[in-house]
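One structure is given here, and the rest of the page talks about it.
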Amino acid sequence: MNNRKFTQVGRSVPRVDGPAKVKGEAIYTGDMVLPGMAYGRIKRSPYAHALIKKIDYSKALALPGVLAVITGEEAPNKWGIVPQTANEVALAVGKVRFWGEGVAAVAALDEETAEAALELIEVEYEPLPVLLDPFESMRRAGEVRIHEDKPDNILHQAEQVFGDPDKAFAECTYVLEKEFRTSYVNHAFLEPHAALASYDVQSGKLQLWSSTQVPHYLHRQLSIVLEMPMSKIRVTVPAVGGGFGGKGEASSADFCAALLSRKIGRPVRVTFERSEVFATNKGRHPCYMKMKIGLDKDGYIQAVDFENTLDGGAYAGWGMVVMFYTASMIHLPYKVPNARARVRRVFTNKPTCGAMRGLGGVQPRFAMECLLDEMAEMIGISPYELKMKNAIESGYRSVSNLHVPHAEYKKCLQTAVEKSGYLEKHGKLPFGKGIGLAGGYYISGTAYTLYQAYKPHTTVLIRVDTEGGVTVHCAAADIGQGCNTVMAQMAAEALGVHYEDVHVVSGDTELGTFDLGSFASRLTYATGAAILEAAEEINQKLKEVAAGMVGCRADQLEIKDRRFTSIFEPRKTIEWEKVVDVYTNTVGTLTGIGHFSPPRLKGIDLTRGVRVQGANIGHSPTFGFSCQIWEVDVDLETGKIRAHKVTEAGDCGQPVNPMSVDGQVEGSIMFALGQALYEEMKLDADGRMLNPSLHDYKVPTAMELPEIDTTIVESYDPTAPFGVKESGEGPVQPTIPAIVNAIYDAIGVRFTELPITPEKVLRALKEKKEKEKV
């Protein structure tokens with residue numbers, strides 16, 4: 001489709017769920033009440049690492065109003081978002097591995113009774129040594145094993161080598177190597193995890209309402225843990241109050257609600273407290289990185305060497321995926337002819353890390369963009385010039401075989417630099433004021449699948465009739481990112497009707513057709529491709545009817561603005577509704593079905609990082625890009641950093657809903673600002689979390705909101721449905737390094753550890769002053 005002819009795609013429209021949320025009418029899982037509903041609560045471990053010697057819940061069960069108590073022994077089957085590394089259980093079995101891990105769950109007539117019952121559950125523990133540092137965990141693996149089947153306390157480790165990095169480094173004019181460390185952060189979404197389960201004893205069917213990003217994967221894990229066929233389970237996603245990756249796996253709330261409901265034969269709802277959200281975490285991995293970059297005499301990148309140790313916490317989660325993503329992120333958005341990555345994910349006695357907005361990209365982007373900034377200074381050119389000369393362009397294929405069909409990254413760099421006045425300000429502002437630049441990218445329509453030889457990643461069914469108009473069925477989960485709105489716009493465009501004519505049924509494994517879930521910026525691309533295929537089937541059938549009604553050939557008709565019109569004889573035209581009426585009165589409801597399976601490029605074995613004949617591995621079908629320039633003020637007396645302006649330019653392909661794109665970019669910016677300057681989960685020596693609340697865990701608020709100037713650069717990917725790319729995770733990538741580079745420009749200190757707190761700034765300024773005296 002030609003983007004210049006779009007009428008529905010490219011419109012800024014309010015999200016379909018917006019009015020209900022603004023009026024407080026949206027129904028979240030925690031709002032739901034069913035007749036006879038009981039309330040579930042989870043007993044959590046006060047130890048970060050201990051054997052469970054005995055659980056006695058007789059006193060809890062005897063408490064009036066208590067209906068049932070369960071322990072991990074009743075559901076020992078292991079589950080996990082990555083089936084090859086599944087090692088979690090609904091409740092701990094035999095051993096706890098992090099502070100706050102669930103050991104028992106209770107269902108009662110009211111929340112107060114459920115809470116009281118938890119206090120009556122007696123658990124006898126045998127404490128074990130607590131390992132909170134990944135390097136200590138590896139060092140002491142011989143004496144302290146977190147998982148019995150992992151004698152080295154490592155989930156997985158691998159090396160990828162492309163080209164000849166050692167030879168390339170030996171020939172480089174400029175080489176720089178540094179270590180970087182990122183912090184332990186949580187998503188801090190507003191709505192906590194919640195699940196409501198209703199098991200019907202007569203039919204043996206279970207319905208679960210859950211605040212989840214991945215209804216399909218939750219569906220699958222419930223089947224494993226409960227030992228029930230998927231056909232007997234239905235997962236429905238009500239309104240979701242944010243996820244950002246933290247709801248990209250099943251949670252113990254889901255399993256405990258389902259197990260308790262099946263045990264007592266009545267609905268059970270489990271809603272987490274904020275402390276439980278922190279205790280179960282699944283946030284961004286703290287990374288200990290070492291990166292080396294080599295440039296030739298003209299400033300072109302010749303080699304990158306990357307080492308990364310990921311602190312994964314107690315269980316596997318998304319760890320395997322995140323680990324490999326960090327390795328792959330060093331290949332773009334710059335041309336890197338030789339690359340090596342050594343990565344490993346280590347178990348510790350912390351709440352598990354998982355997927356978080358921009359998973360796998362934020363940490364290596366921090367290292368790479370800061371290192372390139374410093375190298376630009378080494379060779380005496382601006383960071384902008386260095387990054388422009390190394391930036392990729394459309395058609396680029398990396399040494400690791402990543403193919404980039406379309407890129408406007410250079411345009412992003414140019415636009416942000418021109419709008420911000422970066423070249424006029426960089427290195428020229430008064431001491432304490434600085435400006436910094438960084439770029440980034442992210443996958444779009446990800447081709448990664450957690451199951452080999454998997455079914456199409458997305459299926460869309462479009463129904464057209466005189467009863468409901470146009471209805472799009474897809475089990476995609478709208479978690480606040482606006483996919484329901486985007487699907488309606490794309491369907492309207494493909495069918496030649498108006499956005500307002502389209503209804504979307506999503507987030508339900510029974511009513512919606514298959515979708516993998518909301519993660520890795522896949523939905524707009526995936527559903528767009530499937531919608532085009534489904535719409536083509538419908539359009540062809542309607543054109544045949546319309547052709548007979550107006551007296552022309554079907555292939556001469558175009559559909560636009562709710563009308564069929566002959567492209568050769570414009571007077572031969574008829575309303576879309578009339579054609580639908582004739583078809584449905586003659587044949588019946590009209591349906592079209594479309595599928596999306598991402599491209600499978602042969603030639604790379606990611607586990608070994610080598611080209612292999614016949615290897616078949618998925619690659620992202622396209623990529624989005626972003627450049628950000630931040631301006632900061634550093635208070636020299638207090639060390640406080642005030643980020644007062646950010647200029648962003650992004651390549652999201654053809655924006656489906658420009659207003660929504662702006663919102664995604666602004667949300668990404670604030671999201672990453674928190675990790676740069678404020679956010680870090682703190683644990684004591686015993687593994688107990690010290691700040692498991694939004695009072696003590698500091699996130700940026702409206703008071704810290706900088707002026708945000710965003711630009712959607714002109715872009716259209718001809719290989720993508722409607723020319724689209726992602727817009728919600730690429731803009732997370734440049735934020736941290738751009739802020740760090742701006743701080744250096746302000747005070748001449750380069751920070752390599754996050755978050756950059758006022759205390760760290762004052763200490764660095766003091767050290768800088770002492771060095772200058774010497």
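In the structure tokens, chains take the letters A, B, ... in the order shown, each chain's residues start at 1, and ligands count up from 1 in the order shown.
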For Glu767 (chain A): contacts at 12 Å, only C-alpha atoms, fewer than 6 positions along chain excluded, given as an MDAnalysis selection string
chainID A and resid 748:749 760:761 773:774
If we count only C-alpha atoms, what is near Gly65 (chain A) at a cut-off of 9 Å, once residues fewer than 2 positions away on the same chain are taken out, given as a list of chain:residue names?
A:Leu61, A:Ala62, A:Leu63, A:Leu67, A:Ala107, A:Ala108, A:Leu109, A:Asp110, A:Thr113, A:Ala114
Need the shell around Thr573 (chain A): protein/DNA/RNA residues with any atom at most 8 Å away, counting only C-alpha atoms. Skip same-chain ones fewer than 4 positions apart. Format as a list in words?
Val550, Arg563, Phe564, Thr565 and Ser566 of chain A
Could you save those same residues with C-alpha atoms as a short mmCIF file (atom, residue, chain, number, x, y, z; two decimals), in the first residue's frame?
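In the end it all went to out.cif:
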```
data_model
loop_
_atom_site.label_atom_id
_atom_site.label_comp_id
_atom_site.auth_asym_id
_atom_site.auth_seq_id
_atom_site.Cartn_x
_atom_site.Cartn_y
_atom_site.Cartn_z
CA VAL A 550 -22.23 -1.44 -10.74
CA ARG A 563 -17.33 3.13 -1.26
CA PHE A 564 -16.48 0.81 -4.13
CA THR A 565 -15.47 2.84 -7.18
CA SER A 566 -14.25 1.87 -10.63
#
```
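Nearest residue to Gly241 (chain A) among A:Glu377, A:Glu101, A:Asp31, A:Glu126 is A:Asp31, counting only C-alpha atoms.
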Tell me, as JSON, numbers by chain, which residues lie within 8 Å of Ile479 (chain A), counting only C-alpha atoms; anything in the same chain fewer than 6 positions away does not count.
{"A": [212, 213, 239, 240, 241, 242, 243, 518]}
Which value, in Å to one decimal, gives the distance between CA of Asp296 (chain A) and CA of Ile379 (chain A)?
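Answer for the CA of Asp296 (chain A) to CA of Ile379 (chain A) separation: 10.2 Å.
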Have a look at A:Tyr384, A:Tyr199, A:Tyr315, A:Tyr697 and name the one nearest to Glu418 (chain A); count only C-alpha atoms.
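Nearest candidate to Glu418 (chain A) out of A:Tyr384, A:Tyr199, A:Tyr315, A:Tyr697: A:Tyr384.
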Could you give me, as a list in words, the residues within 9 Å of region 216-227 of chain A, counting only C-alpha atoms and dropping anything in the same chain fewer than 6 positions from it?
Ala75, Pro76, Asn77, Lys78, Trp79, Gly80, Ile81, Val89, Ala90, Leu208, Ile233, Arg234, Val235, Gly248, Glu249, Ala250, Ser251, Asp254, Phe255, Ala258, Leu259, Ala475, Ala476, Asp508, Thr509, Phe514, Asp515, Leu516 and Gly517 of chain A
Counting only C-alpha atoms, which of A:Cys353, A:Ala491, A:Val270, A:Leu461 gets nearest to Arg41 (chain A)?
A:Val270
Please provide the set of residues having any atom within 7 Å of Gly432 (chain A), restricted to only C-alpha atoms, with same-chain residues fewer than 4 positions apart removed, written as a short mmCIF file (atom, residue, chain, number, x, y, z; two decimals) with N, CA, C and O atoms, in the first residue's frame.
```cif
data_model
loop_
_atom_site.label_atom_id
_atom_site.label_comp_id
_atom_site.auth_asym_id
_atom_site.auth_seq_id
_atom_site.Cartn_x
_atom_site.Cartn_y
_atom_site.Cartn_z
N ASP A 633 21.42 20.35 34.11
CA ASP A 633 22.09 21.26 35.05
C ASP A 633 22.53 20.43 36.25
O ASP A 633 21.75 19.65 36.79
N VAL A 634 23.76 20.59 36.67
CA VAL A 634 24.28 19.89 37.85
C VAL A 634 24.50 20.93 38.95
O VAL A 634 25.28 21.88 38.77
N ASP A 635 23.79 20.76 40.07
CA ASP A 635 23.97 21.66 41.20
C ASP A 635 25.29 21.32 41.88
O ASP A 635 25.43 20.23 42.47
N LEU A 636 26.23 22.22 41.83
CA LEU A 636 27.58 21.94 42.34
C LEU A 636 27.63 21.90 43.86
O LEU A 636 28.60 21.38 44.44
N ALA A 746 28.89 18.68 31.39
CA ALA A 746 28.63 19.70 32.41
C ALA A 746 29.76 19.82 33.42
O ALA A 746 30.15 20.93 33.80
N ILE A 747 30.30 18.67 33.89
CA ILE A 747 31.27 18.73 34.99
C ILE A 747 32.56 17.99 34.70
O ILE A 747 33.45 17.92 35.57
#
```
As a compact mmCIF listing (two decimals) with N, CA and C atoms, in the first residue's frame, list the residues of region 191-395 of chain A assigned to helix (DSSP H, G or I) by DSSP on the backbone atoms of this structure.
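This is the output file selection-v8.txt:
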```txt
# COMPACT_ATOMS: atom_id res chain seq x y z
N PRO A 215 -1.41 -13.56 27.43
CA PRO A 215 -2.48 -14.53 27.70
C PRO A 215 -2.19 -15.92 27.16
N HIS A 216 -1.51 -16.01 26.01
CA HIS A 216 -1.22 -17.35 25.47
C HIS A 216 -0.23 -18.09 26.36
N TYR A 217 0.87 -17.45 26.72
CA TYR A 217 1.87 -18.14 27.54
C TYR A 217 1.31 -18.47 28.93
N LEU A 218 0.50 -17.59 29.48
CA LEU A 218 -0.15 -17.88 30.75
C LEU A 218 -1.06 -19.10 30.60
N HIS A 219 -1.81 -19.13 29.52
CA HIS A 219 -2.69 -20.25 29.19
C HIS A 219 -1.90 -21.55 29.20
N ARG A 220 -0.76 -21.53 28.54
CA ARG A 220 0.09 -22.72 28.42
C ARG A 220 0.66 -23.14 29.77
N GLN A 221 1.13 -22.17 30.57
CA GLN A 221 1.72 -22.50 31.86
C GLN A 221 0.67 -23.02 32.84
N LEU A 222 -0.53 -22.47 32.80
CA LEU A 222 -1.60 -22.99 33.65
C LEU A 222 -1.88 -24.46 33.33
N SER A 223 -1.85 -24.79 32.04
CA SER A 223 -2.07 -26.17 31.63
C SER A 223 -1.00 -27.09 32.21
N ILE A 224 0.24 -26.61 32.24
CA ILE A 224 1.35 -27.42 32.78
C ILE A 224 1.22 -27.60 34.29
N VAL A 225 1.00 -26.50 35.00
CA VAL A 225 0.99 -26.54 36.46
C VAL A 225 -0.24 -27.26 37.00
N LEU A 226 -1.40 -27.00 36.39
CA LEU A 226 -2.64 -27.60 36.87
C LEU A 226 -2.92 -28.97 36.25
N MET A 230 -5.41 -27.39 27.64
CA MET A 230 -5.63 -25.98 27.37
C MET A 230 -7.07 -25.70 26.95
N SER A 231 -7.71 -26.66 26.33
CA SER A 231 -9.09 -26.48 25.89
C SER A 231 -10.06 -26.32 27.04
N LYS A 232 -9.63 -26.69 28.24
CA LYS A 232 -10.47 -26.54 29.43
C LYS A 232 -10.18 -25.25 30.19
N SER A 252 2.70 -15.90 40.49
CA SER A 252 2.15 -16.80 41.51
C SER A 252 0.71 -16.45 41.84
N ALA A 253 0.30 -15.21 41.59
CA ALA A 253 -1.10 -14.84 41.78
C ALA A 253 -2.00 -15.66 40.87
N ASP A 254 -1.57 -15.84 39.62
CA ASP A 254 -2.35 -16.62 38.66
C ASP A 254 -2.50 -18.07 39.12
N PHE A 255 -1.39 -18.69 39.47
CA PHE A 255 -1.42 -20.10 39.84
C PHE A 255 -2.17 -20.33 41.15
N CYS A 256 -1.93 -19.48 42.14
CA CYS A 256 -2.57 -19.68 43.43
C CYS A 256 -4.08 -19.46 43.35
N ALA A 257 -4.50 -18.45 42.59
CA ALA A 257 -5.94 -18.23 42.41
C ALA A 257 -6.58 -19.44 41.75
N ALA A 258 -5.93 -19.96 40.72
CA ALA A 258 -6.49 -21.12 40.00
C ALA A 258 -6.51 -22.37 40.87
N LEU A 259 -5.42 -22.65 41.57
CA LEU A 259 -5.35 -23.84 42.42
C LEU A 259 -6.35 -23.79 43.56
N LEU A 260 -6.48 -22.62 44.18
CA LEU A 260 -7.43 -22.47 45.28
C LEU A 260 -8.87 -22.58 44.79
N SER A 261 -9.16 -21.99 43.64
CA SER A 261 -10.51 -22.06 43.09
C SER A 261 -10.89 -23.51 42.79
N ARG A 262 -9.96 -24.25 42.20
CA ARG A 262 -10.26 -25.65 41.90
C ARG A 262 -10.46 -26.45 43.19
N LYS A 263 -9.75 -26.08 44.23
CA LYS A 263 -9.83 -26.84 45.48
C LYS A 263 -11.15 -26.61 46.21
N ILE A 264 -11.67 -25.36 46.16
CA ILE A 264 -12.88 -25.06 46.93
C ILE A 264 -14.13 -24.96 46.05
N ARG A 274 1.93 -3.93 47.09
CA ARG A 274 3.09 -3.40 46.38
C ARG A 274 4.38 -4.12 46.78
N SER A 275 4.51 -4.47 48.04
CA SER A 275 5.71 -5.18 48.48
C SER A 275 5.84 -6.52 47.76
N GLU A 276 4.72 -7.15 47.42
CA GLU A 276 4.76 -8.43 46.71
C GLU A 276 5.17 -8.23 45.25
N VAL A 277 4.81 -7.09 44.68
CA VAL A 277 5.26 -6.77 43.32
C VAL A 277 6.78 -6.70 43.30
N PHE A 278 7.35 -6.04 44.29
CA PHE A 278 8.81 -5.95 44.37
C PHE A 278 9.43 -7.31 44.67
N ALA A 279 8.78 -8.08 45.53
CA ALA A 279 9.34 -9.38 45.91
C ALA A 279 9.37 -10.35 44.74
N THR A 280 8.40 -10.25 43.85
CA THR A 280 8.38 -11.15 42.69
C THR A 280 9.11 -10.53 41.50
N GLY A 319 15.60 -14.98 31.28
CA GLY A 319 17.04 -14.77 31.31
C GLY A 319 17.79 -15.17 30.06
N MET A 320 17.48 -16.34 29.50
CA MET A 320 18.19 -16.80 28.30
C MET A 320 18.02 -15.80 27.16
N VAL A 321 16.80 -15.30 26.99
CA VAL A 321 16.50 -14.36 25.91
C VAL A 321 17.22 -13.04 26.13
N VAL A 322 17.10 -12.50 27.34
CA VAL A 322 17.74 -11.22 27.64
C VAL A 322 19.24 -11.30 27.44
N MET A 323 19.84 -12.40 27.87
CA MET A 323 21.27 -12.57 27.74
C MET A 323 21.71 -12.50 26.27
N PHE A 324 21.02 -13.21 25.40
CA PHE A 324 21.39 -13.19 23.98
C PHE A 324 21.06 -11.85 23.33
N TYR A 325 20.01 -11.20 23.79
CA TYR A 325 19.70 -9.87 23.25
C TYR A 325 20.81 -8.88 23.57
N THR A 326 21.37 -8.96 24.78
CA THR A 326 22.46 -8.02 25.10
C THR A 326 23.63 -8.23 24.15
N ALA A 327 23.88 -9.49 23.79
CA ALA A 327 24.99 -9.78 22.87
C ALA A 327 24.70 -9.25 21.47
N SER A 328 23.46 -9.39 21.03
CA SER A 328 23.14 -8.97 19.66
C SER A 328 23.07 -7.46 19.51
N MET A 329 22.90 -6.75 20.62
CA MET A 329 22.72 -5.31 20.55
C MET A 329 23.99 -4.54 20.18
N ILE A 330 25.14 -5.21 20.17
CA ILE A 330 26.38 -4.50 19.83
C ILE A 330 26.57 -4.39 18.32
N HIS A 331 25.70 -5.00 17.53
CA HIS A 331 25.88 -5.01 16.07
C HIS A 331 25.20 -3.84 15.36
N VAL A 362 19.00 -1.89 26.82
CA VAL A 362 19.33 -0.70 27.61
C VAL A 362 20.76 -0.76 28.16
N GLN A 363 21.15 -1.94 28.69
CA GLN A 363 22.46 -2.04 29.33
C GLN A 363 23.62 -1.88 28.33
N PRO A 364 23.67 -2.66 27.25
CA PRO A 364 24.79 -2.48 26.30
C PRO A 364 24.77 -1.14 25.58
N ARG A 365 23.57 -0.55 25.42
CA ARG A 365 23.50 0.77 24.78
C ARG A 365 24.18 1.81 25.65
N PHE A 366 23.97 1.72 26.96
CA PHE A 366 24.63 2.61 27.92
C PHE A 366 26.14 2.56 27.73
N ALA A 367 26.68 1.35 27.66
CA ALA A 367 28.13 1.20 27.52
C ALA A 367 28.63 1.70 26.18
N MET A 368 27.97 1.31 25.11
CA MET A 368 28.48 1.61 23.77
C MET A 368 28.42 3.09 23.44
N GLU A 369 27.30 3.73 23.77
CA GLU A 369 27.15 5.15 23.44
C GLU A 369 28.09 6.02 24.27
N CYS A 370 28.31 5.65 25.53
CA CYS A 370 29.23 6.43 26.36
C CYS A 370 30.67 6.24 25.89
N LEU A 371 31.01 5.02 25.51
CA LEU A 371 32.37 4.74 25.05
C LEU A 371 32.67 5.48 23.74
N LEU A 372 31.70 5.49 22.84
CA LEU A 372 31.89 6.22 21.57
C LEU A 372 32.04 7.71 21.81
N ASP A 373 31.31 8.25 22.77
CA ASP A 373 31.44 9.66 23.11
C ASP A 373 32.87 9.97 23.55
N GLU A 374 33.38 9.10 24.40
CA GLU A 374 34.74 9.32 24.91
C GLU A 374 35.78 9.16 23.79
N MET A 375 35.54 8.24 22.89
CA MET A 375 36.49 8.03 21.79
C MET A 375 36.47 9.19 20.80
N ALA A 376 35.30 9.83 20.65
CA ALA A 376 35.24 11.02 19.79
C ALA A 376 36.16 12.10 20.34
N GLU A 377 36.19 12.23 21.66
CA GLU A 377 37.08 13.21 22.29
C GLU A 377 38.54 12.81 22.09
N MET A 378 38.81 11.51 22.14
CA MET A 378 40.17 11.02 21.94
C MET A 378 40.73 11.44 20.58
N ILE A 379 39.90 11.35 19.54
CA ILE A 379 40.41 11.61 18.19
C ILE A 379 40.10 13.03 17.73
N PRO A 383 31.05 13.88 18.96
CA PRO A 383 30.35 12.59 18.99
C PRO A 383 29.37 12.44 17.84
N TYR A 384 28.77 13.55 17.44
CA TYR A 384 27.83 13.52 16.31
C TYR A 384 28.54 13.07 15.04
N GLU A 385 29.69 13.61 14.76
CA GLU A 385 30.42 13.24 13.55
C GLU A 385 30.84 11.78 13.59
N LEU A 386 31.30 11.31 14.74
CA LEU A 386 31.72 9.92 14.87
C LEU A 386 30.55 8.97 14.63
N LYS A 387 29.40 9.30 15.22
CA LYS A 387 28.26 8.39 15.11
C LYS A 387 27.62 8.46 13.71
N MET A 388 27.67 9.62 13.09
CA MET A 388 27.13 9.74 11.74
C MET A 388 27.95 8.91 10.75
N LYS A 389 29.26 8.95 10.87
CA LYS A 389 30.08 8.25 9.88
C LYS A 389 30.00 6.73 10.04
N ASN A 390 29.61 6.29 11.25
CA ASN A 390 29.49 4.84 11.48
C ASN A 390 28.05 4.33 11.42
```
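Shortest atom-to-atom contact with Ser394 (chain A) among A:Gln8, A:Ser715, A:Ser45, A:Ser137: A:Ser715, counting only C-alpha atoms.
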Enumerate, as JSON, numbers by chain, the complete set of residues in region 72-127 of chain A that a backbone-based DSSP assignment places in strand (DSSP E).
{"A": [95, 96, 102, 103, 104, 105, 106, 107, 108, 122, 123, 124, 125, 126, 127]}
Deliver the residues from the most recent selection as a file, using all heavy atoms, as a short mmCIF file (atom, residue, chain, number, x, y, z; two decimals), in the first residue's frame.
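New file out_15.cif:
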```
data_model
loop_
_atom_site.label_atom_id
_atom_site.label_comp_id
_atom_site.auth_asym_id
_atom_site.auth_seq_id
_atom_site.Cartn_x
_atom_site.Cartn_y
_atom_site.Cartn_z
N LYS A 95 12.45 -25.76 49.18
CA LYS A 95 13.50 -24.77 49.35
C LYS A 95 13.02 -23.42 48.85
O LYS A 95 12.31 -23.34 47.86
CB LYS A 95 14.74 -25.21 48.56
CG LYS A 95 15.95 -24.31 48.67
CD LYS A 95 17.09 -24.88 47.83
CE LYS A 95 18.35 -24.05 47.92
NZ LYS A 95 19.46 -24.59 47.12
N VAL A 96 13.41 -22.35 49.56
CA VAL A 96 13.15 -20.99 49.07
C VAL A 96 14.48 -20.41 48.60
O VAL A 96 15.53 -20.70 49.17
CB VAL A 96 12.51 -20.08 50.14
CG1 VAL A 96 11.10 -20.56 50.47
CG2 VAL A 96 13.37 -20.00 51.39
N GLY A 102 6.84 -17.31 47.72
CA GLY A 102 5.65 -17.89 48.31
C GLY A 102 5.86 -19.33 48.76
O GLY A 102 6.46 -20.13 48.04
N VAL A 103 5.37 -19.66 49.96
CA VAL A 103 5.49 -21.03 50.47
C VAL A 103 4.13 -21.68 50.72
O VAL A 103 4.04 -22.91 50.82
CB VAL A 103 6.33 -21.06 51.77
CG1 VAL A 103 7.76 -20.61 51.48
CG2 VAL A 103 5.71 -20.19 52.85
N ALA A 104 3.08 -20.88 50.82
CA ALA A 104 1.73 -21.41 51.02
C ALA A 104 0.74 -20.32 50.62
O ALA A 104 1.10 -19.14 50.53
CB ALA A 104 1.50 -21.82 52.48
N ALA A 105 -0.49 -20.73 50.36
CA ALA A 105 -1.53 -19.76 50.01
C ALA A 105 -2.84 -20.18 50.66
O ALA A 105 -3.11 -21.38 50.84
CB ALA A 105 -1.70 -19.67 48.49
N VAL A 106 -3.63 -19.19 51.00
CA VAL A 106 -4.87 -19.44 51.72
C VAL A 106 -6.03 -18.75 51.01
O VAL A 106 -5.85 -17.68 50.40
CB VAL A 106 -4.76 -18.94 53.18
CG1 VAL A 106 -4.47 -17.45 53.24
CG2 VAL A 106 -6.00 -19.26 53.98
N ALA A 107 -7.21 -19.37 51.06
CA ALA A 107 -8.44 -18.75 50.56
C ALA A 107 -9.39 -18.60 51.73
O ALA A 107 -9.58 -19.54 52.51
CB ALA A 107 -9.07 -19.61 49.47
N ALA A 108 -9.98 -17.40 51.85
CA ALA A 108 -10.89 -17.13 52.96
C ALA A 108 -12.06 -16.28 52.48
O ALA A 108 -12.04 -15.75 51.36
CB ALA A 108 -10.15 -16.43 54.09
N GLU A 122 2.61 -22.12 60.23
CA GLU A 122 3.93 -22.26 60.84
C GLU A 122 4.88 -22.97 59.87
O GLU A 122 4.59 -24.07 59.41
CB GLU A 122 3.81 -23.05 62.15
CG GLU A 122 2.93 -22.35 63.18
CD GLU A 122 2.69 -23.19 64.41
OE1 GLU A 122 3.13 -24.37 64.42
OE2 GLU A 122 2.07 -22.70 65.37
N VAL A 123 5.98 -22.30 59.57
CA VAL A 123 6.96 -22.85 58.64
C VAL A 123 8.30 -22.97 59.35
O VAL A 123 8.79 -22.01 59.95
CB VAL A 123 7.11 -21.97 57.38
CG1 VAL A 123 8.04 -22.65 56.39
CG2 VAL A 123 5.76 -21.68 56.74
N GLU A 124 8.85 -24.17 59.29
CA GLU A 124 10.18 -24.40 59.89
C GLU A 124 11.22 -24.35 58.78
O GLU A 124 11.15 -25.12 57.81
CB GLU A 124 10.21 -25.75 60.59
CG GLU A 124 11.53 -26.06 61.28
CD GLU A 124 11.55 -27.44 61.91
OE1 GLU A 124 10.45 -27.95 62.24
OE2 GLU A 124 12.66 -28.00 62.04
N TYR A 125 12.18 -23.44 58.91
CA TYR A 125 13.22 -23.26 57.89
C TYR A 125 14.59 -23.67 58.43
O TYR A 125 14.85 -23.58 59.64
CB TYR A 125 13.31 -21.79 57.48
CG TYR A 125 12.10 -21.21 56.80
CD1 TYR A 125 11.17 -20.47 57.53
CD2 TYR A 125 11.90 -21.37 55.44
CE1 TYR A 125 10.06 -19.90 56.91
CE2 TYR A 125 10.79 -20.81 54.80
CZ TYR A 125 9.88 -20.09 55.54
OH TYR A 125 8.78 -19.53 54.92
N GLU A 126 15.45 -24.07 57.52
CA GLU A 126 16.87 -24.25 57.83
C GLU A 126 17.63 -23.27 56.94
O GLU A 126 17.81 -23.52 55.75
CB GLU A 126 17.33 -25.68 57.54
CG GLU A 126 18.80 -25.91 57.85
CD GLU A 126 19.25 -27.30 57.46
OE1 GLU A 126 18.47 -28.26 57.72
OE2 GLU A 126 20.36 -27.44 56.90
N PRO A 127 18.05 -22.13 57.49
CA PRO A 127 18.69 -21.10 56.67
C PRO A 127 19.96 -21.61 55.99
O PRO A 127 20.72 -22.42 56.54
CB PRO A 127 19.02 -19.99 57.68
CG PRO A 127 18.05 -20.21 58.79
CD PRO A 127 17.89 -21.70 58.89
#
```
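Using only C-alpha atoms, the smallest distance between any of A:Asn741, A:Gln675, A:Asn539, A:Thr459 and Tyr583 (chain A) comes from A:Asn539.
Between Leu128 (chain A) and the candidates A:Asp465, A:Asp686, A:Glu707, A:Glu772, the tightest atom-to-atom separation, counting only C-alpha atoms, involves A:Asp686.
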Env of region 168-184 of chain A: 6 Å cut, atoms = only C-alpha atoms, seq-sep filter 3 positions within chain, self excluded. Answer as an NGL selection string.
:A and (165 or 286-297 or 680-681 or 752-754)
To one decimal in Å, tell me the separation between CA of Gln628 (chain A) and CA of Glu648 (chain A).
4.4 Å
CA of Ala86 (chain A) to CA of Ala316 (chain A), straight-line distance in Å:
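Separation between CA of Ala316 (chain A) and CA of Ala86 (chain A): 6.8 Å.
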